[in-house]
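Novice: Data file work24.cif (mmCIF, N, CA and C atoms) is appended below.
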```cif
data_my_file
loop_
_atom_site.label_atom_id
_atom_site.label_comp_id
_atom_site.auth_asym_id
_atom_site.auth_seq_id
_atom_site.Cartn_x
_atom_site.Cartn_y
_atom_site.Cartn_z
N MET A 1 299.36 88.12 16.61
CA MET A 1 299.18 88.47 17.98
C MET A 1 298.09 89.55 18.03
N PRO A 2 297.11 89.37 18.96
CA PRO A 2 296.01 90.33 19.04
C PRO A 2 296.48 91.66 19.62
N ASP A 3 295.84 92.70 19.18
CA ASP A 3 296.18 94.05 19.64
C ASP A 3 295.58 94.27 21.02
N PRO A 4 296.40 94.63 22.03
CA PRO A 4 295.86 94.82 23.39
C PRO A 4 294.97 96.05 23.49
N LYS A 5 295.09 97.00 22.58
CA LYS A 5 294.26 98.19 22.63
C LYS A 5 292.94 98.01 21.90
N ASP A 6 292.72 96.87 21.31
CA ASP A 6 291.47 96.60 20.60
C ASP A 6 290.32 96.51 21.62
N PRO A 7 289.22 97.29 21.42
CA PRO A 7 288.13 97.30 22.41
C PRO A 7 287.40 95.97 22.52
N ARG A 8 287.53 95.11 21.52
CA ARG A 8 286.84 93.83 21.59
C ARG A 8 287.43 92.90 22.63
N HIS A 9 288.62 93.16 23.08
CA HIS A 9 289.24 92.35 24.12
C HIS A 9 288.92 92.87 25.52
N ASN A 10 288.29 94.01 25.61
CA ASN A 10 287.91 94.60 26.88
C ASN A 10 286.65 93.89 27.41
N ALA A 11 286.62 93.55 28.72
CA ALA A 11 285.49 92.83 29.31
C ALA A 11 284.24 93.69 29.33
N ALA A 12 284.38 94.97 29.56
CA ALA A 12 283.22 95.87 29.59
C ALA A 12 282.61 95.98 28.19
N TRP A 13 283.49 95.99 27.16
CA TRP A 13 282.99 96.09 25.79
C TRP A 13 282.22 94.84 25.41
N ARG A 14 282.73 93.68 25.82
CA ARG A 14 282.05 92.41 25.53
C ARG A 14 280.71 92.35 26.27
N ALA A 15 280.66 92.84 27.52
CA ALA A 15 279.40 92.84 28.27
C ALA A 15 278.38 93.75 27.59
N ALA A 16 278.84 94.89 27.07
CA ALA A 16 277.93 95.80 26.38
C ALA A 16 277.40 95.16 25.10
N GLN A 17 278.22 94.45 24.39
CA GLN A 17 277.79 93.77 23.16
C GLN A 17 276.74 92.70 23.47
N GLN A 18 276.98 91.94 24.54
CA GLN A 18 276.00 90.92 24.94
C GLN A 18 274.67 91.57 25.34
N TRP A 19 274.75 92.70 26.04
CA TRP A 19 273.53 93.40 26.44
C TRP A 19 272.76 93.87 25.22
N GLN A 20 273.46 94.40 24.20
CA GLN A 20 272.80 94.84 22.97
C GLN A 20 272.12 93.67 22.25
N GLN A 21 272.78 92.52 22.21
CA GLN A 21 272.19 91.36 21.55
C GLN A 21 270.93 90.90 22.28
N ARG A 22 270.98 90.87 23.60
CA ARG A 22 269.78 90.47 24.35
C ARG A 22 268.65 91.48 24.15
N ALA A 23 268.98 92.77 24.05
CA ALA A 23 267.96 93.79 23.84
C ALA A 23 267.32 93.63 22.46
N ARG A 24 268.09 93.31 21.47
CA ARG A 24 267.54 93.11 20.12
C ARG A 24 266.61 91.90 20.09
N GLN A 25 266.96 90.84 20.82
CA GLN A 25 266.12 89.64 20.84
C GLN A 25 264.83 89.87 21.60
N ALA A 26 264.87 90.70 22.65
CA ALA A 26 263.68 90.93 23.47
C ALA A 26 262.74 91.95 22.84
N ARG A 27 263.21 92.69 21.86
CA ARG A 27 262.39 93.72 21.23
C ARG A 27 261.24 93.07 20.46
N PRO A 28 259.99 93.54 20.70
CA PRO A 28 258.87 92.96 19.97
C PRO A 28 259.01 93.25 18.47
N GLY A 29 258.52 92.35 17.73
CA GLY A 29 258.73 92.44 16.29
C GLY A 29 257.75 93.35 15.58
N GLY A 30 258.23 94.19 14.70
CA GLY A 30 257.46 94.92 13.72
C GLY A 30 256.46 95.91 14.23
N HIS A 31 255.28 95.88 13.57
CA HIS A 31 254.25 96.88 13.81
C HIS A 31 253.55 96.69 15.15
N LEU A 32 253.56 95.49 15.67
CA LEU A 32 252.88 95.23 16.94
C LEU A 32 253.52 96.03 18.08
N GLY A 33 254.84 96.13 18.12
CA GLY A 33 255.54 96.90 19.15
C GLY A 33 255.24 98.38 19.02
N GLY A 34 255.23 98.90 17.81
CA GLY A 34 254.91 100.31 17.59
C GLY A 34 253.48 100.62 17.97
N LEU A 35 252.56 99.70 17.71
CA LEU A 35 251.16 99.88 18.06
C LEU A 35 250.99 99.93 19.58
N LYS A 36 251.70 99.06 20.29
CA LYS A 36 251.63 99.06 21.75
C LYS A 36 252.17 100.39 22.30
N LEU A 37 253.25 100.87 21.72
CA LEU A 37 253.83 102.12 22.16
C LEU A 37 252.86 103.28 21.92
N LEU A 38 252.23 103.30 20.78
CA LEU A 38 251.27 104.35 20.45
C LEU A 38 250.07 104.31 21.40
N LEU A 39 249.54 103.10 21.66
CA LEU A 39 248.41 102.98 22.57
C LEU A 39 248.78 103.40 24.00
N THR A 40 249.99 103.09 24.40
CA THR A 40 250.45 103.50 25.74
C THR A 40 250.50 105.01 25.85
N TRP A 41 251.06 105.68 24.83
CA TRP A 41 251.13 107.13 24.85
C TRP A 41 249.74 107.76 24.80
N LEU A 42 248.84 107.17 24.03
CA LEU A 42 247.47 107.70 23.97
C LEU A 42 246.76 107.56 25.32
N ALA A 43 246.93 106.41 25.96
CA ALA A 43 246.31 106.20 27.28
C ALA A 43 246.87 107.20 28.29
N PHE A 44 248.17 107.42 28.24
CA PHE A 44 248.79 108.38 29.15
C PHE A 44 248.26 109.79 28.88
N GLY A 45 248.15 110.17 27.62
CA GLY A 45 247.61 111.48 27.27
C GLY A 45 246.18 111.67 27.72
N VAL A 46 245.35 110.64 27.55
CA VAL A 46 243.95 110.71 27.98
C VAL A 46 243.88 110.87 29.49
N MET A 47 244.71 110.13 30.22
CA MET A 47 244.72 110.26 31.68
C MET A 47 245.14 111.67 32.10
N MET A 48 246.09 112.26 31.41
CA MET A 48 246.53 113.62 31.75
C MET A 48 245.40 114.63 31.48
N VAL A 49 244.68 114.46 30.39
CA VAL A 49 243.57 115.38 30.08
C VAL A 49 242.45 115.23 31.11
N VAL A 50 242.13 114.00 31.50
CA VAL A 50 241.10 113.78 32.51
C VAL A 50 241.51 114.41 33.84
N ALA A 51 242.78 114.25 34.22
CA ALA A 51 243.27 114.84 35.47
C ALA A 51 243.20 116.37 35.40
N LEU A 52 243.53 116.94 34.27
CA LEU A 52 243.46 118.39 34.11
C LEU A 52 242.03 118.90 34.23
N VAL A 53 241.10 118.21 33.61
CA VAL A 53 239.69 118.61 33.67
C VAL A 53 239.17 118.50 35.10
N LEU A 54 239.50 117.41 35.78
CA LEU A 54 239.06 117.25 37.17
C LEU A 54 239.65 118.35 38.06
N GLY A 55 240.91 118.66 37.86
CA GLY A 55 241.53 119.73 38.64
C GLY A 55 240.84 121.06 38.42
N LEU A 56 240.52 121.39 37.18
CA LEU A 56 239.83 122.64 36.89
C LEU A 56 238.43 122.67 37.50
N VAL A 57 237.73 121.53 37.45
CA VAL A 57 236.39 121.47 38.05
C VAL A 57 236.47 121.72 39.54
N PHE A 58 237.42 121.07 40.23
CA PHE A 58 237.56 121.28 41.67
C PHE A 58 237.95 122.72 41.98
N LEU A 59 238.78 123.33 41.16
CA LEU A 59 239.16 124.72 41.36
C LEU A 59 237.95 125.63 41.23
N LEU A 60 237.14 125.42 40.23
CA LEU A 60 235.95 126.26 40.04
C LEU A 60 234.93 126.05 41.16
N VAL A 61 234.77 124.82 41.61
CA VAL A 61 233.84 124.55 42.72
C VAL A 61 234.35 125.25 43.99
N GLY A 62 235.65 125.21 44.22
CA GLY A 62 236.22 125.91 45.38
C GLY A 62 236.00 127.40 45.31
N TRP A 63 236.22 127.99 44.15
CA TRP A 63 235.99 129.42 43.99
C TRP A 63 234.51 129.76 44.18
N ALA A 64 233.63 128.90 43.70
CA ALA A 64 232.20 129.16 43.84
C ALA A 64 231.75 129.07 45.30
N MET A 65 232.44 128.27 46.11
CA MET A 65 232.06 128.10 47.51
C MET A 65 232.62 129.20 48.41
N LEU A 66 233.58 129.97 47.94
CA LEU A 66 234.20 130.99 48.78
C LEU A 66 233.20 132.01 49.35
N PRO A 67 232.27 132.57 48.58
CA PRO A 67 231.32 133.52 49.20
C PRO A 67 230.46 132.89 50.30
N PHE A 68 230.03 131.65 50.10
CA PHE A 68 229.23 130.97 51.13
C PHE A 68 230.05 130.73 52.38
N LEU A 69 231.30 130.32 52.21
CA LEU A 69 232.18 130.07 53.35
C LEU A 69 232.46 131.38 54.09
N ARG A 70 232.67 132.46 53.36
CA ARG A 70 232.91 133.76 53.97
C ARG A 70 231.70 134.20 54.78
N HIS A 71 230.51 134.01 54.23
CA HIS A 71 229.28 134.38 54.95
C HIS A 71 229.14 133.56 56.23
N ARG A 72 229.42 132.27 56.14
CA ARG A 72 229.32 131.41 57.32
C ARG A 72 230.31 131.81 58.40
N MET A 73 231.55 132.12 57.99
CA MET A 73 232.56 132.52 58.97
C MET A 73 232.20 133.87 59.59
N LYS A 74 231.61 134.78 58.79
CA LYS A 74 231.20 136.07 59.31
C LYS A 74 230.10 135.91 60.35
N LYS A 75 229.13 135.05 60.09
CA LYS A 75 228.06 134.79 61.05
C LYS A 75 228.61 134.17 62.33
N ARG A 76 229.57 133.26 62.19
CA ARG A 76 230.16 132.62 63.36
C ARG A 76 230.91 133.64 64.21
N LEU A 77 231.63 134.56 63.55
CA LEU A 77 232.36 135.59 64.27
C LEU A 77 231.40 136.53 64.99
N GLU A 78 230.30 136.90 64.34
CA GLU A 78 229.31 137.75 64.99
C GLU A 78 228.70 137.06 66.19
N ARG A 79 228.44 135.76 66.08
CA ARG A 79 227.87 135.01 67.19
C ARG A 79 228.86 134.94 68.37
N MET A 80 230.15 134.75 68.06
CA MET A 80 231.16 134.70 69.12
C MET A 80 231.27 136.05 69.82
N ARG A 81 231.24 137.14 69.04
CA ARG A 81 231.30 138.47 69.64
C ARG A 81 230.09 138.74 70.51
N ALA A 82 228.91 138.29 70.07
CA ALA A 82 227.70 138.50 70.85
C ALA A 82 227.74 137.71 72.15
N GLU A 83 228.33 136.53 72.13
CA GLU A 83 228.42 135.73 73.35
C GLU A 83 229.39 136.35 74.34
N GLN A 84 230.47 136.95 73.85
CA GLN A 84 231.48 137.51 74.74
C GLN A 84 231.09 138.88 75.27
N ALA A 85 230.31 139.60 74.52
CA ALA A 85 229.98 140.97 74.93
C ALA A 85 228.72 140.99 75.79
N GLN A 86 228.68 141.93 76.71
CA GLN A 86 227.50 142.11 77.54
C GLN A 86 227.18 143.59 77.53
N ASP A 87 225.97 143.92 77.20
CA ASP A 87 225.57 145.32 77.07
C ASP A 87 225.48 145.96 78.45
N VAL A 88 226.22 147.07 78.64
CA VAL A 88 226.21 147.76 79.92
C VAL A 88 225.71 149.18 79.69
N GLY A 89 224.52 149.32 79.20
CA GLY A 89 223.91 150.63 79.04
C GLY A 89 224.52 151.45 77.93
N GLY A 90 224.19 151.17 76.76
CA GLY A 90 224.67 151.99 75.65
C GLY A 90 225.33 151.14 74.59
N GLU A 91 226.18 151.81 73.86
CA GLU A 91 226.84 151.11 72.75
C GLU A 91 228.13 150.44 73.17
N THR A 92 228.64 150.79 74.36
CA THR A 92 229.90 150.24 74.81
C THR A 92 229.64 148.91 75.51
N HIS A 93 230.46 147.94 75.26
CA HIS A 93 230.30 146.62 75.85
C HIS A 93 231.42 146.36 76.84
N TYR A 94 231.05 145.93 78.03
CA TYR A 94 232.01 145.56 79.06
C TYR A 94 231.66 144.19 79.58
N ARG A 95 232.62 143.55 80.14
CA ARG A 95 232.37 142.27 80.79
C ARG A 95 232.68 142.44 82.26
N GLU A 96 231.75 142.08 83.10
CA GLU A 96 231.93 142.27 84.52
C GLU A 96 232.45 140.98 85.13
N THR A 97 233.47 141.13 85.93
CA THR A 97 234.08 139.95 86.54
C THR A 97 234.11 140.16 88.05
N THR A 98 233.81 139.15 88.79
CA THR A 98 233.81 139.24 90.25
C THR A 98 234.95 138.39 90.78
N TYR A 99 235.74 139.00 91.67
CA TYR A 99 236.84 138.28 92.31
C TYR A 99 236.52 138.14 93.79
N ARG A 100 236.92 137.07 94.40
CA ARG A 100 236.69 136.84 95.82
C ARG A 100 238.04 136.61 96.48
N GLU A 101 238.31 137.38 97.52
CA GLU A 101 239.55 137.20 98.27
C GLU A 101 239.19 136.72 99.66
N THR A 102 239.96 135.79 100.17
CA THR A 102 239.70 135.28 101.51
C THR A 102 240.90 135.60 102.40
N ARG A 103 240.59 136.02 103.60
CA ARG A 103 241.66 136.28 104.57
C ARG A 103 241.55 135.22 105.65
N SER A 104 242.59 134.47 105.84
CA SER A 104 242.53 133.37 106.78
C SER A 104 242.59 133.84 108.23
N ARG A 105 243.30 134.93 108.53
CA ARG A 105 243.42 135.39 109.91
C ARG A 105 242.08 135.91 110.45
N ASP A 106 241.43 136.76 109.66
CA ASP A 106 240.19 137.37 110.13
C ASP A 106 238.99 136.47 109.87
N GLY A 107 239.11 135.61 108.91
CA GLY A 107 237.99 134.77 108.56
C GLY A 107 236.95 135.53 107.75
N ARG A 108 237.27 136.71 107.27
CA ARG A 108 236.34 137.52 106.51
C ARG A 108 236.58 137.33 105.01
N THR A 109 235.58 137.57 104.26
CA THR A 109 235.71 137.56 102.80
C THR A 109 235.38 138.94 102.28
N ARG A 110 236.07 139.32 101.25
CA ARG A 110 235.83 140.63 100.67
C ARG A 110 235.60 140.45 99.17
N ASP A 111 234.53 141.01 98.66
CA ASP A 111 234.22 140.91 97.24
C ASP A 111 234.75 142.14 96.51
N GLN A 112 235.25 141.89 95.32
CA GLN A 112 235.66 142.98 94.45
C GLN A 112 234.97 142.81 93.12
N GLN A 113 234.51 143.89 92.57
CA GLN A 113 233.95 143.84 91.23
C GLN A 113 234.84 144.68 90.33
N VAL A 114 235.27 144.08 89.24
CA VAL A 114 236.17 144.76 88.31
C VAL A 114 235.50 144.77 86.94
N LEU A 115 235.45 145.93 86.35
CA LEU A 115 234.95 146.04 84.98
C LEU A 115 236.14 146.00 84.05
N GLU A 116 236.12 145.03 83.14
CA GLU A 116 237.18 144.94 82.16
C GLU A 116 236.76 145.67 80.91
N GLY A 117 237.66 146.40 80.33
CA GLY A 117 237.34 147.12 79.11
C GLY A 117 238.39 148.18 78.82
N ASP A 118 238.06 149.11 77.97
CA ASP A 118 238.96 150.19 77.63
C ASP A 118 238.63 151.40 78.49
N TYR A 119 239.65 151.94 79.12
CA TYR A 119 239.47 153.10 79.98
C TYR A 119 240.35 154.22 79.47
N GLU A 120 239.89 155.41 79.69
CA GLU A 120 240.64 156.60 79.26
C GLU A 120 240.76 157.53 80.44
N VAL A 121 241.99 157.98 80.72
CA VAL A 121 242.22 158.91 81.81
C VAL A 121 242.11 160.31 81.23
N LYS A 122 241.15 161.08 81.75
CA LYS A 122 240.94 162.43 81.27
C LYS A 122 241.74 163.40 82.14
N GLU A 123 242.34 164.34 81.48
CA GLU A 123 243.10 165.34 82.22
C GLU A 123 242.12 166.33 82.86
N GLN A 124 242.38 166.64 84.12
CA GLN A 124 241.51 167.54 84.86
C GLN A 124 242.11 168.95 84.86
N ASP A 125 241.22 169.88 85.07
CA ASP A 125 241.68 171.27 85.16
C ASP A 125 242.44 171.46 86.46
N ASP A 126 243.33 172.41 86.50
CA ASP A 126 244.09 172.67 87.71
C ASP A 126 243.31 173.53 88.71
N ASP A 127 242.02 173.80 88.48
CA ASP A 127 241.20 174.63 89.35
C ASP A 127 240.96 173.97 90.70
N TRP A 128 241.02 172.68 90.80
CA TRP A 128 240.65 172.00 92.05
C TRP A 128 241.71 172.16 93.12
N ARG A 129 242.89 172.65 92.78
CA ARG A 129 243.94 172.80 93.79
C ARG A 129 243.73 173.97 94.66
#
```
Would you put the structure from the file into structure tokens?
Specialist:
Amino acid sequence: MPDPKDPRHNAAWRAAQQWQQRARQARPGGHLGGLKLLLTWLAFGVMMVVALVLGLVFLLVGWAMLPFLRHRMKKRLERMRAEQAQDVGGETHYRETTYRETRSRDGRTRDQQVLEGDYEVKEQDDDWR
């Protein structure tokens, strides 16, 4: 009578044995399989080295372009500041804006001119009282 605890009677064990036999049959024979494996690893290594060299080249090109890019951005910023600023007699720059208000009852228009910029309130002496 066969032993019920024997692993050879287990369905999973038999499936594993069949899988091992199929793997042994599908394995390429001898030195040819080892040669293919070696060539595959060599090709993979060469591709990794080429990718590393290309990455380093792009990194160095990027670093070399940084001063030129910084100069270009600086010139663009200066041009934007020059377009926004308007010289109002001296070193201080203000932008003058005109607002128009309309009154429907009177039919009159009133112009206002507002200077935008930084203003400072100076404290006055108490002598004027």
Novice: Atom CA of Ala43 of chain A and atom CA of Phe58 of chain A are how many Å apart?
Specialist: 22.6 Å
Novice: To one decimal place in Å, what is the distance between atom CA of Tyr119 of chain A and atom CA of Glu83 of chain A?
Specialist: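 Answer for the atom CA of Tyr119 of chain A to atom CA of Glu83 of chain A separation: 21.6 Å.
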Novice: What is the atom CA of Ala51 of chain A-atom CA of Leu35 of chain A distance in Å, reported with one decimal?
Specialist: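 These atoms are spaced 24.3 Å apart.
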Novice: Box for segment 17-23 of chain A: with edges along x, y and z, all listed atoms inside and 3 Å added on each side, what are the centre and edge lengths in Å to one decimal, as lines of an AutoDock Vina configuration file?
Specialist:
```
center_x = 272.8
center_y = 92.7
center_z = 24.0
size_x = 16.9
size_y = 10.4
size_z = 10.9
```
